[in-house]
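Heads up: the structure comes next, in structure tokens.
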Amino acid sequence: MYGGSQVTFRMFSRHLLIGAAIIVLCGISVGCSFSSSSNKDKVTIYTSIEDYRIEYLNKELEQKFPNYDINIKFFSTGDHIAKLLKEGTKTDCDITHSLSYSYLQQLDDEGYLANLSSYDRNIYAKGMIVSRDFLPQERGSGAIIINTDMLKELNLKTPSSYKDLLKSEYRGLVVMPNPKESSTGYMFYKSLVNAWGEKKALAYFDKLTDNILQYTESGSGPLEAVAKGKAAVGLGTTATAAEEINKGMPIKILYFKEGAPFTVYGQAMIKGKEKRKAVRDVFDYLVHTFNYENCKLYMPETIYKNKSFSIKNYPHNIKYADMSNDTIAEKNMLLSKWKY
């Protein structure tokens, strides 16, 4: 019995030693793995694009730059610009992606953006370049979105002008984003101010409010209401409407004679961050590769001089509204007069 116990003890001791060795080796392995990850050059991107596009971008970046630790952080547009204005060049952000030009101009005026004059500007369409310190990322337009089935059921004619939306038969059937909450709503507001003048535009929205079912907080709100048959007409975005049409929804996209309101979104490197090779490499990829993929797959509206893209049911040759004087000062002034 004693001999058997001795053998059992020796075997047990041996197992302990082997287990300890495995633990040590695992620890070394984990330590090496952690050390390798922590030694990767880190690049942080702030963006305001949708989740499905972030997922696509993240996958592409992982394949393209396996030796970089790339961190994509989503912020709503308001939080995005507020954070960068507060943090300045001390921010952890290396690349700001998908901010409207008016917000990028704010950052530029503060001296927070890197000089991008080495990038070729001749590839972009007229009006796309307004600064040496940021480049176009995409153009997004607004559209009048109608539910064709609902109009038919209510025996209503398809509206052909903004004036038509004031008719009593459209009471409670129109949805628009609130300009104070949504950049899409502000696009429509600003485009009519430019087309008609401030006084006439404000008087129009006074009358339109009688027919408004809801001023939504988000730009996607009108499309959701129209797609679900809660509203017959929505002032929304071309891109989301085309996506719903491709899903088989009874939706039609219209533009009135004033043209489609639009916003241009851009991208830039934070000043000082361009000195790091990893940041330059990733930004180069965004400008020279992902931008084309983004336009091809999601946002085909023109930003390039000699390059066009096409998506099923996405309108071609869109006539754009006058969106000049799209400054923060102008925006703040107009929003202070919006009372709905």
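Quick note on naming: the chains in the structure tokens go A, B, ... in the order shown, residues restart at 1 in each chain, and ligands are numbered from 1 in order of appearance.
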
Let's see if you can do this: from backbone DSSP, list all strand (DSSP E) residues in segment 5-232 of chain A, as an MDAnalysis selection string.
chainID A and resid 41:47 68:74 95:100 135:147 174:177 212:216

Mind writing the picked residues with C-alpha atoms as a CSV table (one decimal), in the first residue's frame?
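Saved as again_29.csv:
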chain,number,residue,atom,x,y,z
A,41,ASP,CA,0.7,51.5,-34.7
A,42,LYS,CA,-2.8,52.7,-33.6
A,43,VAL,CA,-5.0,54.8,-35.9
A,44,THR,CA,-8.3,56.3,-34.6
A,45,ILE,CA,-11.0,57.3,-37.0
A,46,TYR,CA,-14.1,59.4,-35.9
A,47,THR,CA,-17.0,58.8,-38.4
A,68,TYR,CA,-2.1,48.5,-37.7
A,69,ASP,CA,-4.5,48.7,-34.8
A,70,ILE,CA,-7.3,50.7,-36.4
A,71,ASN,CA,-10.1,51.9,-34.2
A,72,ILE,CA,-13.3,53.3,-35.8
A,73,LYS,CA,-15.5,55.3,-33.4
A,74,PHE,CA,-19.0,56.4,-34.4
A,95,ILE,CA,-8.8,61.1,-39.0
A,96,THR,CA,-12.2,62.7,-39.1
A,97,HIS,CA,-14.5,61.1,-41.6
A,98,SER,CA,-18.0,62.1,-42.9
A,99,LEU,CA,-18.4,65.5,-41.4
A,100,SER,CA,-20.3,68.2,-43.4
A,135,LEU,CA,-11.3,66.5,-49.2
A,136,PRO,CA,-14.8,65.3,-50.4
A,137,GLN,CA,-16.1,62.0,-49.0
A,138,GLU,CA,-19.7,62.0,-50.5
A,139,ARG,CA,-22.6,64.1,-51.5
A,140,GLY,CA,-26.0,63.3,-50.1
A,141,SER,CA,-29.2,64.9,-51.4
A,142,GLY,CA,-32.8,65.3,-50.1
A,143,ALA,CA,-35.9,64.3,-52.0
A,144,ILE,CA,-39.7,64.4,-51.8
A,145,ILE,CA,-40.7,60.9,-51.0
A,146,ILE,CA,-44.2,59.7,-51.7
A,147,ASN,CA,-46.2,56.5,-50.9
A,174,VAL,CA,-46.7,65.4,-44.6
A,175,VAL,CA,-43.6,64.5,-42.5
A,176,MET,CA,-40.4,66.5,-42.4
A,177,PRO,CA,-37.3,66.4,-40.1
A,212,ILE,CA,-47.3,68.5,-41.0
A,213,LEU,CA,-48.1,65.2,-39.2
A,214,GLN,CA,-44.7,65.4,-37.4
A,215,TYR,CA,-41.4,67.2,-37.4
A,216,THR,CA,-39.1,64.2,-36.8

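Across the model, the gap from atom CA of Tyr119 of chain A to atom CA of Lys90 of chain A is 24.4 Å.
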
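Nearest-residue note for Leu107 of chain A: choosing from A:Gln267, A:Asn306, A:Asn246, A:Ser183, the minimum distance belongs to A:Gln267, counting only C-alpha atoms.
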
Measuring between only C-alpha atoms, which one of A:Leu166, A:Ala242, A:Ile129, A:Ala232 shows the shortest distance to Asp206 of chain A?
A:Leu166
